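A.B. asks: This is the content of upload00.txt (compact mmCIF, C-alpha atoms):
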# COMPACT_ATOMS: atom_id res chain seq x y z
CA MET H 1 16.98 -30.43 -0.17
CA LYS H 2 17.97 -26.83 0.06
CA GLY H 3 20.62 -25.23 -2.11
CA SER H 4 22.01 -21.74 -1.75
CA GLU H 5 19.81 -20.56 -4.59
CA GLN H 6 16.69 -21.64 -2.67
CA LYS H 7 14.83 -19.97 0.14
CA ASN H 8 17.04 -20.27 3.21
CA THR H 9 16.79 -18.04 6.24
CA ARG H 10 20.32 -18.99 7.18
CA ALA H 11 21.99 -17.59 4.06
CA ALA H 12 22.13 -14.10 2.71
CA HIS H 13 20.68 -14.96 -0.67
CA SER H 14 17.27 -14.36 -2.22
CA ARG H 15 15.57 -15.95 -5.19
CA PRO H 16 16.12 -14.32 -8.57
CA GLY H 17 13.08 -12.33 -9.47
CA THR H 18 11.87 -11.76 -5.92
CA PRO H 19 11.32 -8.19 -4.67
CA GLY H 20 14.58 -6.61 -3.57
CA SER H 21 16.80 -9.16 -5.31
CA ALA H 22 19.28 -8.30 -8.03
CA PRO H 23 18.49 -9.67 -11.52
CA ALA H 24 20.34 -12.84 -12.48
CA THR H 25 23.46 -12.23 -14.55
CA VAL H 26 24.72 -14.35 -17.42
CA GLY H 27 27.27 -15.77 -14.99
CA ASP H 28 24.54 -16.65 -12.49
CA VAL H 29 22.58 -18.50 -15.15
CA ARG H 30 25.66 -20.33 -16.39
CA GLN H 31 26.61 -21.34 -12.86
CA ARG H 32 23.09 -22.59 -12.21
CA ASN H 33 23.17 -24.63 -15.42
CA ARG H 34 26.58 -26.03 -14.50
CA ARG H 35 25.23 -27.03 -11.10
CA HIS H 36 22.24 -28.76 -12.71
CA ALA H 37 24.46 -30.62 -15.18
CA LEU H 38 26.84 -31.82 -12.48
CA ARG H 39 23.94 -32.83 -10.24
CA SER H 40 22.37 -34.79 -13.09
CA ILE H 41 25.61 -36.69 -13.72
CA ILE H 42 26.18 -37.44 -10.03
CA LEU H 43 22.61 -38.56 -9.37
CA SER H 44 22.34 -40.72 -12.47
CA GLY H 45 25.76 -42.29 -12.08
CA GLN H 46 25.83 -42.67 -15.86
CA THR H 47 24.17 -40.49 -18.44
CA THR H 48 24.59 -38.78 -21.81
CA ARG H 49 24.70 -35.21 -23.01
CA ALA H 50 21.26 -35.59 -24.60
CA GLU H 51 19.75 -36.93 -21.38
CA ILE H 52 21.23 -34.04 -19.39
CA ALA H 53 19.82 -31.56 -21.89
CA LEU H 54 16.36 -33.12 -21.60
CA GLU H 55 16.44 -33.26 -17.80
CA CYS H 56 17.78 -29.73 -17.33
CA GLY H 57 15.83 -28.06 -20.14
CA LEU H 58 18.98 -26.96 -21.95
CA SER H 59 20.18 -27.24 -25.52
CA VAL H 60 22.59 -30.04 -26.38
CA ALA H 61 25.11 -27.40 -27.46
CA SER H 62 24.96 -25.70 -24.05
CA VAL H 63 25.33 -29.02 -22.27
CA THR H 64 28.29 -29.93 -24.46
CA ASN H 65 30.08 -26.75 -23.39
CA LEU H 66 29.25 -27.29 -19.70
CA VAL H 67 30.37 -30.92 -19.82
CA SER H 68 33.65 -29.91 -21.46
CA GLU H 69 34.31 -27.57 -18.53
CA LEU H 70 33.49 -30.30 -16.01
CA ILE H 71 35.80 -32.74 -17.80
CA ASN H 72 38.61 -30.16 -17.83
CA GLU H 73 38.12 -29.63 -14.09
CA GLY H 74 38.47 -33.35 -13.51
CA LEU H 75 34.95 -33.78 -12.13
CA VAL H 76 33.47 -35.77 -15.04
CA ILE H 77 34.85 -38.44 -17.35
CA GLU H 78 33.74 -40.05 -20.58
CA ALA H 79 33.17 -43.73 -19.83
CA GLY H 80 32.64 -45.47 -23.11
CA LEU H 81 30.23 -45.54 -26.02
CA ILE H 82 26.83 -47.03 -26.70
CA ALA H 83 25.25 -47.64 -30.07
CA SER H 84 22.67 -45.15 -31.28
CA THR H 85 19.64 -45.87 -33.43
CA GLY H 86 21.39 -44.09 -36.22
CA GLY H 87 24.52 -42.08 -36.72
CA ARG H 88 27.50 -41.82 -34.40
CA PRO H 89 27.79 -43.80 -31.14
CA ILE H 90 26.70 -41.96 -27.98
CA THR H 91 29.28 -41.11 -25.32
CA LEU H 92 28.49 -42.04 -21.72
CA LEU H 93 29.33 -39.62 -18.93
CA THR H 94 29.99 -40.48 -15.29
CA PRO H 95 31.34 -38.63 -12.24
CA ASN H 96 35.10 -38.97 -11.99
CA PRO H 97 35.37 -40.86 -8.68
CA SER H 98 38.79 -39.38 -7.94
CA GLY H 99 37.72 -35.89 -9.02
CA ALA H 100 36.79 -34.84 -5.49
CA TYR H 101 36.39 -36.34 -2.04
CA MET H 102 34.06 -35.63 0.86
CA ILE H 103 34.00 -36.76 4.47
CA GLY H 104 30.87 -37.37 6.50
CA ALA H 105 30.87 -37.95 10.26
CA ASP H 106 28.14 -39.39 12.45
CA VAL H 107 28.91 -37.75 15.79
CA GLY H 108 27.35 -39.14 18.96
CA GLU H 109 27.91 -38.83 22.68
CA ARG H 110 29.80 -42.13 22.70
CA GLY H 111 32.10 -41.64 19.77
CA VAL H 112 32.20 -41.00 16.05
CA ALA H 113 31.91 -42.86 12.74
CA VAL H 114 33.86 -40.96 10.07
CA GLU H 115 33.51 -42.02 6.43
CA LEU H 116 35.37 -41.00 3.28
CA PHE H 117 33.43 -40.77 -0.01
CA ASP H 118 34.55 -40.19 -3.57
CA LEU H 119 32.64 -38.09 -6.09
CA SER H 120 30.36 -40.99 -7.01
CA MET H 121 29.33 -40.96 -3.31
CA THR H 122 30.82 -44.41 -2.87
CA ARG H 123 32.29 -44.95 0.58
CA ILE H 124 35.93 -45.86 0.20
CA ASP H 125 37.07 -45.86 3.84
CA ARG H 126 35.76 -45.42 7.35
CA GLU H 127 37.11 -45.00 10.85
CA PHE H 128 35.50 -45.36 14.27
CA ARG H 129 36.70 -43.74 17.48
CA GLY H 130 35.34 -43.55 21.00
CA GLY H 131 32.82 -45.90 22.57
CA THR H 132 32.83 -44.68 26.15
CA ALA H 133 29.54 -43.67 27.71
CA GLY H 134 29.00 -39.96 28.21
CA GLU H 135 32.16 -38.64 26.59
CA PRO H 136 32.69 -34.89 27.10
CA VAL H 137 32.79 -32.72 24.03
CA GLU H 138 36.59 -32.46 24.29
CA ALA H 139 36.86 -36.25 23.97
CA ILE H 140 34.52 -36.23 20.96
CA ALA H 141 36.69 -33.57 19.29
CA ARG H 142 39.75 -35.76 19.96
CA ASP H 143 37.93 -38.75 18.47
CA LEU H 144 37.19 -36.75 15.32
CA ASP H 145 40.80 -35.63 14.92
CA GLU H 146 42.16 -39.13 15.45
CA ALA H 147 39.71 -40.58 12.91
CA LEU H 148 40.62 -37.91 10.35
CA ASP H 149 44.34 -38.52 10.98
CA ALA H 150 43.87 -42.24 10.30
CA LEU H 151 41.88 -41.63 7.11
CA GLN H 152 44.41 -39.11 5.81
CA LEU H 153 47.29 -41.49 6.51
CA ARG H 154 45.62 -44.25 4.50
CA ASN H 155 44.32 -41.97 1.73
CA PRO H 156 46.87 -39.20 1.10
CA ASP H 157 45.83 -38.69 -2.52
CA ALA H 158 42.24 -38.02 -1.48
CA TRP H 159 43.36 -35.15 0.72
CA GLU H 160 44.73 -33.37 -2.33
CA ARG H 161 41.16 -33.07 -3.67
CA MET H 162 39.26 -32.88 -0.40
CA VAL H 163 36.20 -30.61 -0.50
CA GLY H 164 35.41 -30.67 3.21
CA VAL H 165 34.02 -32.57 6.16
CA GLY H 166 30.34 -32.68 7.07
CA LEU H 167 29.36 -33.29 10.68
CA GLY H 168 26.03 -34.84 11.70
CA LEU H 169 25.76 -33.60 15.28
CA PRO H 170 23.63 -34.52 18.32
CA GLY H 171 21.93 -31.20 18.93
CA ILE H 172 20.77 -27.95 17.42
CA VAL H 173 23.17 -26.45 14.87
CA GLU H 174 22.58 -22.75 14.33
CA THR H 175 24.06 -21.04 11.29
CA ASP H 176 24.22 -17.26 11.11
CA ALA H 177 24.15 -15.08 7.98
CA ASP H 178 27.96 -15.18 7.78
CA GLY H 179 28.08 -18.98 7.81
CA ARG H 180 29.28 -19.36 11.41
CA GLN H 181 27.84 -22.49 12.98
CA VAL H 182 27.34 -23.25 16.67
CA LEU H 183 26.28 -26.57 18.21
CA HIS H 184 23.83 -26.45 21.13
CA ALA H 185 23.69 -29.94 22.70
CA GLN H 186 21.69 -29.28 25.85
CA GLY H 187 20.70 -32.92 26.20
CA LEU H 188 24.35 -33.96 26.51
CA GLY H 189 25.33 -31.21 28.92
CA TRP H 190 27.82 -29.76 26.46
CA PRO H 191 28.40 -26.01 26.35
CA PRO H 192 27.62 -24.21 23.07
CA ILE H 193 30.58 -24.78 20.78
CA PRO H 194 31.45 -23.46 17.29
CA ALA H 195 31.28 -26.43 14.95
CA HIS H 196 34.66 -25.75 13.36
CA GLN H 197 36.32 -26.12 16.77
CA LEU H 198 35.40 -29.79 16.84
CA ILE H 199 38.29 -30.56 14.48
CA SER H 200 41.78 -29.11 14.16
CA HIS H 201 42.39 -30.14 10.53
CA ASP H 202 42.74 -27.36 7.98
CA ILE H 203 39.61 -28.32 6.08
CA PRO H 204 36.22 -26.66 5.49
CA VAL H 205 33.64 -27.79 8.07
CA PHE H 206 29.91 -28.09 7.44
CA ALA H 207 27.55 -29.08 10.22
CA GLU H 208 23.93 -30.00 10.77
CA ASN H 209 21.77 -31.93 13.22
CA GLY H 210 22.15 -35.68 12.69
CA ALA H 211 18.47 -36.28 11.99
CA LYS H 212 18.62 -33.67 9.24
CA THR H 213 21.73 -35.20 7.66
CA LEU H 214 19.93 -38.56 7.74
CA ALA H 215 17.10 -36.89 5.83
CA MET H 216 19.56 -35.34 3.35
CA ALA H 217 20.75 -38.81 2.37
CA GLU H 218 17.21 -40.16 2.09
CA LEU H 219 16.16 -37.16 -0.02
CA TRP H 220 19.16 -37.62 -2.28
CA ASP H 221 18.63 -41.21 -3.32
CA GLY H 222 16.71 -43.00 -0.61
CA ALA H 223 13.25 -43.43 0.82
CA ALA H 224 12.42 -39.70 0.64
CA ARG H 225 13.53 -39.12 -2.94
CA GLY H 226 10.65 -37.64 -4.92
CA ILE H 227 8.52 -37.29 -1.77
CA ASP H 228 7.26 -33.77 -1.07
CA GLU H 229 5.94 -34.34 2.45
CA ALA H 230 7.78 -36.71 4.78
CA LEU H 231 8.90 -37.27 8.33
CA VAL H 232 12.37 -38.73 8.84
CA VAL H 233 12.66 -40.16 12.35
CA LEU H 234 15.94 -40.99 14.06
CA LEU H 235 15.79 -43.37 17.01
CA GLY H 236 19.07 -44.07 18.78
CA ARG H 237 20.32 -43.12 22.22
CA GLY H 238 18.76 -39.81 21.38
CA VAL H 239 15.60 -39.17 19.41
CA GLY H 240 15.46 -36.81 16.45
CA LEU H 241 13.26 -35.76 13.58
CA ALA H 242 13.60 -34.04 10.22
CA ILE H 243 10.51 -32.59 8.57
CA VAL H 244 10.39 -32.54 4.77
CA SER H 245 7.84 -30.05 3.43
CA GLY H 246 7.54 -29.18 -0.22
CA GLY H 247 10.53 -31.42 -0.87
CA GLU H 248 12.77 -29.31 1.38
CA LEU H 249 14.01 -29.67 4.94
CA ALA H 250 12.25 -27.45 7.47
CA HIS H 251 14.62 -25.56 9.76
CA GLY H 252 12.49 -22.99 11.57
CA CYS H 253 13.73 -19.50 12.27
CA ARG H 254 17.05 -20.64 13.79
CA SER H 255 17.46 -24.30 12.79
CA SER H 256 15.77 -26.09 15.71
CA ALA H 257 12.66 -27.26 13.85
CA GLY H 258 12.22 -30.99 14.37
CA GLU H 259 13.34 -31.21 18.02
CA TRP H 260 10.73 -33.90 18.54
CA GLY H 261 12.86 -35.79 21.05
CA HIS H 262 12.14 -33.10 23.60
CA LEU H 263 8.44 -32.76 22.93
CA LYS H 264 6.63 -33.43 26.21
CA ILE H 265 4.28 -36.42 26.03
CA ALA H 266 3.72 -36.89 29.78
CA ARG H 267 3.22 -34.01 32.19
CA ASN H 268 5.72 -34.36 35.05
CA GLY H 269 6.80 -37.63 33.45
CA ARG H 270 10.16 -39.35 33.37
CA PRO H 271 13.22 -37.13 33.78
CA CYS H 272 15.08 -36.43 30.53
CA ARG H 273 18.76 -35.68 30.19
CA CYS H 274 17.86 -32.28 28.73
CA GLY H 275 16.67 -31.28 32.21
CA GLY H 276 12.96 -31.54 31.43
CA ARG H 277 10.46 -34.24 32.24
CA GLY H 278 8.17 -36.33 30.07
CA CYS H 279 10.13 -35.90 26.80
CA VAL H 280 9.75 -38.35 23.92
CA GLU H 281 13.41 -39.27 24.34
CA ALA H 282 12.82 -40.24 27.99
CA TYR H 283 10.55 -43.03 26.72
CA LEU H 284 11.90 -43.94 23.29
CA GLY H 285 15.67 -43.48 23.50
CA ALA H 286 17.79 -46.64 23.77
CA ASP H 287 18.67 -46.11 27.42
CA ALA H 288 15.03 -45.41 28.31
CA ILE H 289 13.83 -48.59 26.58
CA LEU H 290 16.41 -50.79 28.28
CA ASP H 291 15.97 -49.12 31.67
CA THR H 292 12.26 -49.94 31.46
CA TRP H 293 13.13 -53.58 30.85
CA ARG H 294 15.58 -53.59 33.76
CA ASP H 295 13.02 -51.96 36.04
CA GLU H 296 10.74 -54.92 35.32
CA GLY H 297 13.40 -57.33 36.56
CA ALA H 298 15.41 -58.19 33.44
CA THR H 299 19.17 -58.58 33.55
CA VAL H 300 20.58 -56.72 30.58
CA GLU H 301 24.24 -56.31 29.68
CA GLY H 302 25.23 -53.26 27.70
CA SER H 303 23.01 -50.67 26.08
CA GLY H 304 23.62 -51.04 22.37
CA TRP H 305 22.45 -52.92 19.29
CA ARG H 306 22.80 -56.34 20.92
CA ALA H 307 20.86 -55.36 24.05
CA ILE H 308 17.92 -54.02 22.02
CA GLY H 309 18.06 -57.22 19.98
CA GLU H 310 17.86 -59.31 23.15
CA LEU H 311 14.68 -57.48 24.15
CA LEU H 312 13.11 -58.12 20.78
CA ASP H 313 14.21 -61.78 20.84
CA ALA H 314 12.66 -62.22 24.27
CA ASP H 315 9.43 -60.64 23.03
CA ARG H 316 9.28 -63.05 20.09
CA ALA H 317 9.97 -65.95 22.45
CA GLY H 318 6.94 -64.98 24.53
CA ASP H 319 8.74 -63.84 27.68
CA PRO H 320 5.90 -62.07 29.54
CA VAL H 321 8.05 -59.22 30.86
CA ALA H 322 9.57 -58.51 27.45
CA VAL H 323 6.15 -58.80 25.80
CA ALA H 324 4.73 -56.16 28.15
CA VAL H 325 7.72 -53.83 27.65
CA VAL H 326 7.52 -54.12 23.84
CA GLU H 327 3.76 -53.62 23.82
CA GLU H 328 4.17 -50.39 25.80
CA LEU H 329 7.06 -49.32 23.56
CA VAL H 330 4.99 -49.83 20.39
CA ALA H 331 2.01 -48.00 21.90
CA THR H 332 4.14 -45.03 23.00
CA LEU H 333 5.93 -44.79 19.66
CA GLY H 334 2.61 -45.06 17.84
CA SER H 335 1.14 -42.27 19.95
CA ALA H 336 4.15 -40.02 19.38
CA LEU H 337 4.20 -40.66 15.63
CA GLY H 338 0.42 -40.39 15.34
CA GLY H 339 0.57 -36.87 16.71
CA LEU H 340 3.19 -35.97 14.12
CA VAL H 341 1.05 -37.45 11.35
CA ASN H 342 -1.85 -35.24 12.46
CA LEU H 343 0.40 -32.17 12.59
CA THR H 344 2.21 -32.58 9.27
CA ASN H 345 0.09 -34.91 7.07
CA PRO H 346 3.09 -36.76 5.55
CA GLN H 347 3.07 -39.04 2.56
CA ARG H 348 5.76 -41.16 4.15
CA VAL H 349 7.26 -41.70 7.61
CA ILE H 350 10.84 -42.95 7.36
CA VAL H 351 12.42 -44.53 10.43
CA GLY H 352 16.19 -44.65 10.87
CA GLY H 353 18.84 -44.61 13.55
CA TRP H 354 20.20 -47.85 14.96
CA VAL H 355 17.32 -48.35 17.39
CA GLY H 356 14.78 -47.43 14.71
CA LEU H 357 16.28 -49.93 12.27
CA ARG H 358 16.27 -52.62 14.93
CA LEU H 359 12.61 -51.97 15.72
CA MET H 360 11.55 -51.84 12.08
CA GLU H 361 13.10 -55.26 11.40
CA THR H 362 10.46 -57.04 13.50
CA LEU H 363 7.92 -54.45 14.67
CA GLY H 364 7.29 -52.39 11.54
CA ASP H 365 3.73 -53.60 10.99
CA ARG H 366 2.83 -53.15 14.65
CA ILE H 367 4.29 -49.65 14.74
CA PHE H 368 2.38 -48.71 11.59
CA ALA H 369 -0.87 -50.01 13.05
CA ALA H 370 -0.30 -48.20 16.35
CA THR H 371 0.46 -44.94 14.52
CA GLN H 372 -2.70 -45.23 12.44
CA THR H 373 -4.72 -45.91 15.59
CA GLU H 374 -3.40 -42.76 17.27
CA ALA H 375 -3.78 -40.52 14.20
CA LEU H 376 -6.99 -39.09 12.86
CA ASP H 377 -8.65 -41.40 10.35
CA ARG H 378 -8.00 -39.23 7.29
CA PRO H 379 -4.27 -38.37 7.69
CA GLY H 380 -3.79 -41.80 9.23
CA SER H 381 -4.86 -43.36 5.94
CA GLN H 382 -2.58 -41.20 3.80
CA PHE H 383 0.93 -42.19 4.86
CA GLU H 384 3.18 -45.21 4.64
CA LEU H 385 5.84 -46.28 7.15
CA VAL H 386 9.23 -47.48 5.87
CA ALA H 387 12.76 -47.99 7.15
CA CYS H 388 15.48 -45.66 5.91
CA HIS H 389 17.20 -46.86 2.76
CA PHE H 390 20.86 -46.48 3.69
CA GLY H 391 20.83 -48.22 7.06
CA GLY H 392 23.48 -47.41 9.63
CA ASP H 393 25.54 -45.23 7.28
CA THR H 394 22.75 -42.73 6.61
CA VAL H 395 23.81 -39.92 8.98
CA ALA H 396 27.41 -39.94 7.73
CA LEU H 397 26.36 -40.13 4.07
CA GLY H 398 24.00 -37.19 4.50
CA ALA H 399 26.73 -35.24 6.28
CA ALA H 400 29.10 -35.84 3.36
CA MET H 401 26.53 -34.38 1.03
CA MET H 402 26.98 -30.94 2.58
CA PRO H 403 30.50 -30.52 1.15
CA LEU H 404 29.26 -32.14 -2.06
CA GLY H 405 26.59 -29.45 -2.28
CA ALA H 406 29.21 -26.80 -1.69
CA LEU H 407 31.32 -28.18 -4.53
CA MET H 408 28.34 -27.97 -6.84
CA ASN H 409 27.54 -24.43 -5.78
CA GLU H 410 31.05 -23.02 -6.05
CA PRO H 411 31.95 -20.80 -9.02
CA ARG H 412 33.75 -22.57 -11.80
CA GLY H 413 37.28 -23.59 -10.95
CA THR H 414 37.27 -22.53 -7.30
CA ARG H 415 38.02 -24.89 -4.48
CA THR H 416 39.33 -22.88 -1.57
CA VAL H 417 39.41 -23.52 2.16
CA ARG H 418 37.03 -21.12 3.85
CA SER H 419 37.25 -20.10 7.48
CA ALA H 420 33.47 -19.68 7.73
CA PRO H 421 31.90 -22.10 5.25
CA GLU H 422 28.40 -21.36 4.05
CA GLN H 423 25.89 -24.04 4.93
CA SER H 424 24.94 -25.90 1.79
CA SER H 425 23.30 -29.13 0.78
CA LEU H 426 22.60 -30.97 -2.42
CA ALA H 427 19.56 -29.45 -4.10
CA LEU H 428 17.23 -31.97 -5.66
CA LYS H 429 14.27 -29.81 -6.55
Do you think you could lay out the structure here as structure tokens?
C.D. replies:
Amino acid sequence: MKGSEQKNTRAAHSRPGTPGSAPATVGDVRQRNRRHALRSIILSGQTTRAEIALECGLSVASVTNLVSELINEGLVIEAGLIASTGGRPITLLTPNPSGAYMIGADVGERGVAVELFDLSMTRIDREFRGGTAGEPVEAIARDLDEALDALQLRNPDAWERMVGVGLGLPGIVETDADGRQVLHAQGLGWPPIPAHQLISHDIPVFAENGAKTLAMAELWDGAARGIDEALVVLLGRGVGLAIVSGGELAHGCRSSAGEWGHLKIARNGRPCRCGGRGCVEAYLGADAILDTWRDEGATVEGSGWRAIGELLDADRAGDPVAVAVVEELVATLGSALGGLVNLTNPQRVIVGGWVGLRLMETLGDRIFAATQTEALDRPGSQFELVACHFGGDTVALGAAMMPLGALMNEPRGTRTVRSAPEQSSLALK
């Protein structure tokens, strides 16, 4: 993932040592080392000073000083002793779960799933709001506020150490050099809206496209961890994509890289809710899949997880209409993914989103075969297809990692509410 010290066209920072950049100060180096130490402790869940020193390339003395600061700040705790091969017992270090809290929200056009995480990135509470088809953006903002109100009421102590709320949003999220973020959700018919206006709580807001927050979680400790080149596909009511290149998320010049859902795969094809025709989403989104089944004569109630499951059950039972619909679905998805494999040459294609998870449960092998068939032989032989690791919570977990990244990147001892938060995510590289 991308941290503020890494190359990021959306932040006014440059790499130390690059032309035009100021030389790193002692404070810069110390802050970087602190960030690495805290990251090591959070990612490992349990570690030692010696292990941190080895992983971060620091002396044990330096790590000891950094860990002392983190303990004094309440972010790290000593969690017992283990025997050493000789000499004094070794002290174990873990994140202090109550040292800080983050919120992640999976925001869709039909409501929100808002989840509260402690510093060990364990979910400790969640709240759902909404559920009505085609909610306007004002209703979604109300859903978010009501969910946050409920979480705060149940977890007042967490609010005392709240870092911020991350929003995984259904559209393009542009971030300017000053950290101002605007959501462009053309496919939902919403007007452009500053991300911070989606909630009224006095709390730092971080926002990103939902497919990208899904990828953040998978990069952190899921199916994309340690993978330099990957595609992270989100299939739900909408269709999204995050591209991992060189171990980092690709954003493009203004954050819209990965808008695969609105790639045209059929000239003058099916109408898409974005206003175009022939988009991937018009064939592979949940509503599109179920509408195809209905058009073939099926009676389908609802448009969610259960309805997709009924289609897959009917396919397994040999219903000829369902079999034909699923065969076309697999072929279309294979064609769309095969083109991406040719374009990006990934090591791994990771499929998430509630529709994607449903499909991967029973159709994973068929989708993989169809993708290989549609890709060129060479790149088609160099990738694997897997389901996302974190299941239905992935978008919210990834969103919560944006405030976590901000906590790691803040100067020592500072935790202030910012009116224009800088986009940040947990750096793993």
A.B. asks: Please identify all polymer residues within 12 Å of Gly189 of chain H, counting all atoms listed in the file, omitting same-chain residues fewer than 2 positions from it, and present them as an mmCIF file with C-alpha atoms, in the coordinates of the input.
C.D. replies:
data_model
loop_
_atom_site.group_PDB
_atom_site.id
_atom_site.type_symbol
_atom_site.label_atom_id
_atom_site.label_comp_id
_atom_site.auth_asym_id
_atom_site.auth_seq_id
_atom_site.Cartn_x
_atom_site.Cartn_y
_atom_site.Cartn_z
ATOM 1 C CA GLU H 109 27.910 -38.830 22.680
ATOM 2 C CA GLY H 134 29.000 -39.960 28.210
ATOM 3 C CA GLU H 135 32.160 -38.640 26.590
ATOM 4 C CA PRO H 136 32.690 -34.890 27.100
ATOM 5 C CA VAL H 137 32.790 -32.720 24.030
ATOM 6 C CA PRO H 170 23.630 -34.520 18.320
ATOM 7 C CA GLY H 171 21.930 -31.200 18.930
ATOM 8 C CA LEU H 183 26.280 -26.570 18.210
ATOM 9 C CA HIS H 184 23.830 -26.450 21.130
ATOM 10 C CA ALA H 185 23.690 -29.940 22.700
ATOM 11 C CA GLN H 186 21.690 -29.280 25.850
ATOM 12 C CA GLY H 187 20.700 -32.920 26.200
ATOM 13 C CA PRO H 191 28.400 -26.010 26.350
ATOM 14 C CA PRO H 192 27.620 -24.210 23.070
ATOM 15 C CA ILE H 193 30.580 -24.780 20.780
ATOM 16 C CA CYS H 272 15.080 -36.430 30.530
ATOM 17 C CA ARG H 273 18.760 -35.680 30.190
ATOM 18 C CA CYS H 274 17.860 -32.280 28.730
ATOM 19 C CA GLY H 275 16.670 -31.280 32.210
#
A.B. asks: Once you add 6 Å to each side, what are the centre and edge lengths of the axis-aligned box holding all listed atoms of segment 327-330 of chain H? One decimal in Å, as JSON, if you can.
C.D. replies:
{"center_x": 5.4, "center_y": -51.5, "center_z": 23.1, "size_x": 15.3, "size_y": 16.3, "size_z": 17.4}
A.B. asks: When you count only C-alpha atoms, which of these residues is closest to Pro346 of chain H: H:His251, H:Arg306, H:Arg366, H:Arg378?
C.D. replies: H:Arg378
A.B. asks: Give the answer as one residue: which of H:Gly352, H:Pro403, H:Gly166, H:Gly99 has the shortest atom-to-atom distance to Ala242 of chain H, using all atoms listed in the file?
C.D. replies: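 Answer, going by the shortest atom-to-atom distance: H:Gly352.
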A.B. asks: Find the residues with any atom within 12 Å of (10.0, -43.6, -0.3); use all atoms listed in the file and the coordinates as given in the file, and write the answer as number ranges by chain.
C.D. replies: H: 215, 218-232, 346-351, 383-390
A.B. asks: Considering all atoms listed in the file, return as a list of chain:residue names whatever protein or nucleic-acid residues lie within 8 Å of segment 290-304 of chain H, sequence-local ones (same chain, fewer than 5 positions apart) excluded.
C.D. replies: H:Leu311, H:Val321, H:Ala322, H:Val325
A.B. asks: Which one of H:Gln31, H:Ser62, H:Thr47, H:Thr132 sits closest to Pro95 of chain H if you count all atoms listed in the file?
C.D. replies: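 Nearest to Pro95 of chain H: H:Thr47.
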A.B. asks: Report, in Å to a single decimal, how far apart atom CA of Arg123 of chain H and atom CA of Asp149 of chain H are.
C.D. replies: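 These two atoms are separated by 17.2 Å.
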A.B. asks: I'd like the interatomic distance between atom CA of Asp28 of chain H and atom CA of Leu70 of chain H, to a tenth of an Å.
C.D. replies: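 Those two atoms sit 16.7 Å apart.
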A.B. asks: From the options H:Leu329, H:Ile71, H:Ile172, H:Val63, which residue's atoms come nearest to Ala37 of chain H, counting all atoms listed in the file?
C.D. replies: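 Of the candidates, the smallest distance to Ala37 of chain H is held by H:Val63.
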A.B. asks: Nearest to Gly240 of chain H among H:Ile52, H:Val355, H:Leu144, H:Cys253, with distances taken over all atoms listed in the file: which residue is it?
C.D. replies: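 Using all atoms listed in the file, the shortest distance to Gly240 of chain H belongs to H:Val355.
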A.B. asks: H:Val395, H:Met360, H:Leu312, H:Ala282: which is nearest Gly108 of chain H, counting all atoms listed in the file?
C.D. replies: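 Of all the options, H:Val395 lies closest to Gly108 of chain H.
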A.B. asks: Enter the distance from atom CA of Thr64 of chain H to atom CA of Met121 of chain H, in Å, rounded to one decimal.
C.D. replies: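 So the answer is 23.9 Å.
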A.B. asks: Tell me which residues come within 8 Å of (30.7, -47.5, -27.1), as a list in words, counting all atoms listed in the file in the file's coordinates.
C.D. replies: Gly80, Leu81, Ile82, Ala83, Pro89, Ile90, Thr91 and Leu92 of chain H
A.B. asks: Please produce a file of those selected residues containing C-alpha atoms, as a CSV table (one decimal), keeping the file's coordinate frame.
C.D. replies:
chain,number,residue,atom,x,y,z
H,80,GLY,CA,32.6,-45.5,-23.1
H,81,LEU,CA,30.2,-45.5,-26.0
H,82,ILE,CA,26.8,-47.0,-26.7
H,83,ALA,CA,25.2,-47.6,-30.1
H,89,PRO,CA,27.8,-43.8,-31.1
H,90,ILE,CA,26.7,-42.0,-28.0
H,91,THR,CA,29.3,-41.1,-25.3
H,92,LEU,CA,28.5,-42.0,-21.7
A.B. asks: For Arg39 of chain H, please output as an MDAnalysis selection string all residues within 12 Å (counting all atoms listed in the file; exclusion window: fewer than 4 positions along the same chain).
C.D. replies: chainID H and resid 3 32:35 43:47 52 55:56 67 70 75:76 94:95 119:121 220 401 404:409 425:429
